[in-house]
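**Q** This is the structure I have questions about; it appears just below.
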Amino acid sequence: MFYVLSGYQFTKMNNHPLEFMYITNNPVVAKTADELGVKRVWIDLETLGKEERQKGMNTVKSQHALSDISAIKPVLCNSELLVRVNPINPGSAKEIDEAISRGADMLMLPMFKTASEVEAFLNLTKKRNVKTTLLFETKEAIRLLPELLKKGGFDEMHIGLNDLHLSLGLTFMFELLPNGIVEDICHTVSKYHIPYGFGGIAKIGEGLLPAEKIIAEHFRLGSTRAILSRSFCDNKFENYESWRQEFKTGIEQIRSYESWLSDKTERFFAENKKDVATCVQKVVQLIKAKQNNNG
């Protein structure tokens, strides 16, 4: 394999609440997320190659446009506007320039596989009033991690579990927790004092791998960022007030659980890590059984 497990068991705990990201191009939803404590509202421009990679999967494939940046930016008072652009391509300069001019606070580069792609992205954002984050979601990107960390020039990074598990030929995206890959990445990045996060979370008590198990792993691994997933609260609704209350309650439950985690010992987090491995193994077996039945 291309990674080497570090062998460490416990990173200094994240004693700060997770910074949430939420994907939407709906101004009403964005304003609500802004009011309820979401750190970054996310406009997703990435379309190149996504349909082919995630064909047949129950994943969100956003149909966002550059014009959505102009619609969302004015409603934000507290949140930053994060824009995921397309992978580097002949139209990148135009797309990045327009995203910045329309008001993006941070740009995210997805699906890169070479250092030259990252260099091109950083050159296009250099000396502009915008922060940058790299989305590590290919096996090639993980191989580049030490080199990119030494070069620096970017503000943050995120580990994209969905595409990364596909890149590695795994069955379930959260296999990346017990198999040590996320742990090794987090341990490496923590030495460079660059903020990092991984994956997404559902409501407390929900998800194939319960959200509270994942949140505890964020704390153990020093992660400070997470996406609020579609299963946390879909941004399509019939009754706004009910939807808003659901969103608010979901945030409050996570914050309450984080507070509960704050004084837990290393032993607790070690046991949670074992629970994650057991749960992930069961999910993988279920997925494979379903695939065999359908095959």
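Numbering starts fresh at 1 for the residues of each chain in the structure tokens, the chains themselves are lettered A, B, ... in the order given, and ligands are numbered from 1 as they appear.
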Which residues come within 10 Å of A:Asn86, counting only C-alpha atoms, excluding same-chain residues fewer than 6 positions away, as a count of residues only?
**A** 15
**Q** Distance table requested - stretch 28-103 of chain A against stretch 115-121 of chain A, cut-off 10 Å, only C-alpha atoms: one row per qualifying residue with the closest atom pair and its distance in Å to one decimal, ordered by chain and rising residue number, as CSV.
**A**
residue,atom,partner,partner_atom,distance
A:Val85,CA,A:Phe121,CA,9.9
A:Pro87,CA,A:Glu117,CA,8.2
A:Ile88,CA,A:Glu117,CA,6.1
A:Asn89,CA,A:Glu117,CA,9.0
A:Ser92,CA,A:Phe121,CA,8.2
A:Ala93,CA,A:Phe121,CA,8.6
A:Ile96,CA,A:Phe121,CA,8.7
**Q** Distance atom CA of A:Leu135-atom CA of A:Gly91, one decimal place?
**A**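 Going from atom CA of A:Leu135 over to atom CA of A:Gly91 covers 19.2 Å.
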**Q** When DSSP works through the backbone of this structure, what residues of stretch 46-187 of chain A end up as strand (DSSP E), shown as a list of chain:residue names?
**A**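 Checking each residue of stretch 46-187 of chain A, the strand (DSSP E) ones are A:Glu80, A:Leu81, A:Leu82, A:Val83, A:Arg84, A:Met106, A:Leu107, A:Met108, A:Leu109, A:Lys131, A:Thr132, A:Thr133, A:Leu134, A:Leu135, A:Phe136, A:Glu156, A:Met157, A:His158, A:Ile159.
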**Q** Just the selected residues (N, CA, C and O atoms), exported as a PDB file, in the first residue's frame, please.
**A**
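This went into again-v7.pdb:
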ATOM      1  N   GLU A  80     -18.954  32.109   6.181  1.00  0.00           N
ATOM      2  CA  GLU A  80     -18.146  32.358   4.988  1.00  0.00           C
ATOM      3  C   GLU A  80     -18.751  31.601   3.817  1.00  0.00           C
ATOM      4  O   GLU A  80     -19.445  30.600   3.999  1.00  0.00           O
ATOM      5  N   LEU A  81     -18.479  32.084   2.616  1.00  0.00           N
ATOM      6  CA  LEU A  81     -18.965  31.422   1.408  1.00  0.00           C
ATOM      7  C   LEU A  81     -17.833  30.610   0.797  1.00  0.00           C
ATOM      8  O   LEU A  81     -16.845  31.150   0.305  1.00  0.00           O
ATOM      9  N   LEU A  82     -17.982  29.290   0.856  1.00  0.00           N
ATOM     10  CA  LEU A  82     -17.013  28.350   0.285  1.00  0.00           C
ATOM     11  C   LEU A  82     -17.503  27.918  -1.087  1.00  0.00           C
ATOM     12  O   LEU A  82     -18.677  27.545  -1.244  1.00  0.00           O
ATOM     13  N   VAL A  83     -16.632  27.951  -2.073  1.00  0.00           N
ATOM     14  CA  VAL A  83     -16.987  27.514  -3.420  1.00  0.00           C
ATOM     15  C   VAL A  83     -16.034  26.412  -3.858  1.00  0.00           C
ATOM     16  O   VAL A  83     -14.814  26.619  -3.907  1.00  0.00           O
ATOM     17  N   ARG A  84     -16.606  25.227  -4.154  1.00  0.00           N
ATOM     18  CA  ARG A  84     -15.801  24.156  -4.739  1.00  0.00           C
ATOM     19  C   ARG A  84     -15.822  24.340  -6.252  1.00  0.00           C
ATOM     20  O   ARG A  84     -16.870  24.243  -6.879  1.00  0.00           O
ATOM     21  N   MET A 106     -13.680  31.513   0.183  1.00  0.00           N
ATOM     22  CA  MET A 106     -12.718  30.410   0.124  1.00  0.00           C
ATOM     23  C   MET A 106     -13.022  29.555  -1.093  1.00  0.00           C
ATOM     24  O   MET A 106     -14.183  29.317  -1.423  1.00  0.00           O
ATOM     25  N   LEU A 107     -11.966  29.099  -1.776  1.00  0.00           N
ATOM     26  CA  LEU A 107     -12.115  28.192  -2.907  1.00  0.00           C
ATOM     27  C   LEU A 107     -11.516  26.830  -2.560  1.00  0.00           C
ATOM     28  O   LEU A 107     -10.468  26.743  -1.915  1.00  0.00           O
ATOM     29  N   MET A 108     -12.191  25.795  -3.018  1.00  0.00           N
ATOM     30  CA  MET A 108     -11.747  24.421  -2.769  1.00  0.00           C
ATOM     31  C   MET A 108     -11.398  23.746  -4.093  1.00  0.00           C
ATOM     32  O   MET A 108     -12.171  23.796  -5.050  1.00  0.00           O
ATOM     33  N   LEU A 109     -10.223  23.101  -4.133  1.00  0.00           N
ATOM     34  CA  LEU A 109      -9.809  22.339  -5.310  1.00  0.00           C
ATOM     35  C   LEU A 109     -10.072  20.860  -5.078  1.00  0.00           C
ATOM     36  O   LEU A 109      -9.497  20.250  -4.174  1.00  0.00           O
ATOM     37  N   LYS A 131      -9.334  32.669   0.538  1.00  0.00           N
ATOM     38  CA  LYS A 131      -8.609  31.580   1.173  1.00  0.00           C
ATOM     39  C   LYS A 131      -8.736  30.319   0.315  1.00  0.00           C
ATOM     40  O   LYS A 131      -9.617  30.234  -0.541  1.00  0.00           O
ATOM     41  N   THR A 132      -7.866  29.358   0.564  1.00  0.00           N
ATOM     42  CA  THR A 132      -7.855  28.142  -0.254  1.00  0.00           C
ATOM     43  C   THR A 132      -7.863  26.888   0.619  1.00  0.00           C
ATOM     44  O   THR A 132      -7.284  26.854   1.708  1.00  0.00           O
ATOM     45  N   THR A 133      -8.532  25.867   0.114  1.00  0.00           N
ATOM     46  CA  THR A 133      -8.521  24.564   0.782  1.00  0.00           C
ATOM     47  C   THR A 133      -8.402  23.476  -0.276  1.00  0.00           C
ATOM     48  O   THR A 133      -8.943  23.599  -1.381  1.00  0.00           O
ATOM     49  N   LEU A 134      -7.673  22.428   0.058  1.00  0.00           N
ATOM     50  CA  LEU A 134      -7.472  21.303  -0.851  1.00  0.00           C
ATOM     51  C   LEU A 134      -8.315  20.125  -0.390  1.00  0.00           C
ATOM     52  O   LEU A 134      -8.343  19.797   0.803  1.00  0.00           O
ATOM     53  N   LEU A 135      -8.994  19.475  -1.334  1.00  0.00           N
ATOM     54  CA  LEU A 135      -9.816  18.323  -1.038  1.00  0.00           C
ATOM     55  C   LEU A 135      -9.064  17.057  -1.450  1.00  0.00           C
ATOM     56  O   LEU A 135      -8.914  16.760  -2.641  1.00  0.00           O
ATOM     57  N   PHE A 136      -8.578  16.341  -0.473  1.00  0.00           N
ATOM     58  CA  PHE A 136      -7.817  15.117  -0.719  1.00  0.00           C
ATOM     59  C   PHE A 136      -8.798  13.954  -0.869  1.00  0.00           C
ATOM     60  O   PHE A 136      -9.364  13.473   0.116  1.00  0.00           O
ATOM     61  N   GLU A 156      -6.218  25.449   4.307  1.00  0.00           N
ATOM     62  CA  GLU A 156      -6.850  24.328   4.987  1.00  0.00           C
ATOM     63  C   GLU A 156      -6.874  23.111   4.078  1.00  0.00           C
ATOM     64  O   GLU A 156      -6.490  23.209   2.911  1.00  0.00           O
ATOM     65  N   MET A 157      -7.352  21.987   4.623  1.00  0.00           N
ATOM     66  CA  MET A 157      -7.541  20.799   3.791  1.00  0.00           C
ATOM     67  C   MET A 157      -8.687  19.964   4.353  1.00  0.00           C
ATOM     68  O   MET A 157      -9.026  20.054   5.531  1.00  0.00           O
ATOM     69  N   HIS A 158      -9.272  19.171   3.469  1.00  0.00           N
ATOM     70  CA  HIS A 158     -10.366  18.290   3.861  1.00  0.00           C
ATOM     71  C   HIS A 158     -10.144  16.940   3.192  1.00  0.00           C
ATOM     72  O   HIS A 158      -9.664  16.872   2.059  1.00  0.00           O
ATOM     73  N   ILE A 159     -10.489  15.876   3.898  1.00  0.00           N
ATOM     74  CA  ILE A 159     -10.370  14.521   3.361  1.00  0.00           C
ATOM     75  C   ILE A 159     -11.752  14.098   2.867  1.00  0.00           C
ATOM     76  O   ILE A 159     -12.697  13.983   3.653  1.00  0.00           O
TER      77      ILE A 159
END
**Q** Pick the closest to A:Glu175 from A:Val28, A:Ile194, A:Val283, A:Val38: which is it, counting only C-alpha atoms?
**A**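 Under the stated criterion, the closest residue is A:Val283.
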**Q** With a distance cut-off of 8 Å and only C-alpha atoms, select the neighbouring residues of A:Ser167, excluding the residue or stretch itself and same-chain residues fewer than 6 positions from it, and output the selection as a PyMOL selection string.
**A** chain A and resi 137-139
**Q** For A:Lys191, which of A:Gly205, A:Gly37, A:Pro210, A:Pro146 is the closest residue, counting only C-alpha atoms?
**A**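 Checking each of A:Gly205, A:Gly37, A:Pro210, A:Pro146 against A:Lys191, counting only C-alpha atoms, the winner is A:Pro146.
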**Q** Taking only C-alpha atoms into account, which of A:Tyr257, A:Trp243, A:Phe269, A:Phe219 comes nearest A:His16?
**A** A:Phe219
**Q** Which residue out of A:Ile181, A:Ile204, A:Leu124, A:Val189 has the minimum interatomic distance to A:Lys150 when only C-alpha atoms are used?
**A**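 Among A:Ile181, A:Ile204, A:Leu124, A:Val189, it is A:Val189 that comes nearest to A:Lys150.
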**Q** Could you tell me, as number ranges by chain, which residues of stretch 56-177 of chain A DSSP assigns to helix (DSSP H, G or I) when given the backbone?
**A** A: 66-75, 92-102, 115-125, 139-151, 161-167, 173-176
**Q** Residues at most 10 Å from A:Leu261, counting only C-alpha atoms, excluding those fewer than 2 positions away in the same chain, as a PyMOL selection string?
**A** chain A and resi 13-15+212+215-216+219+255-259+263-265+268-269
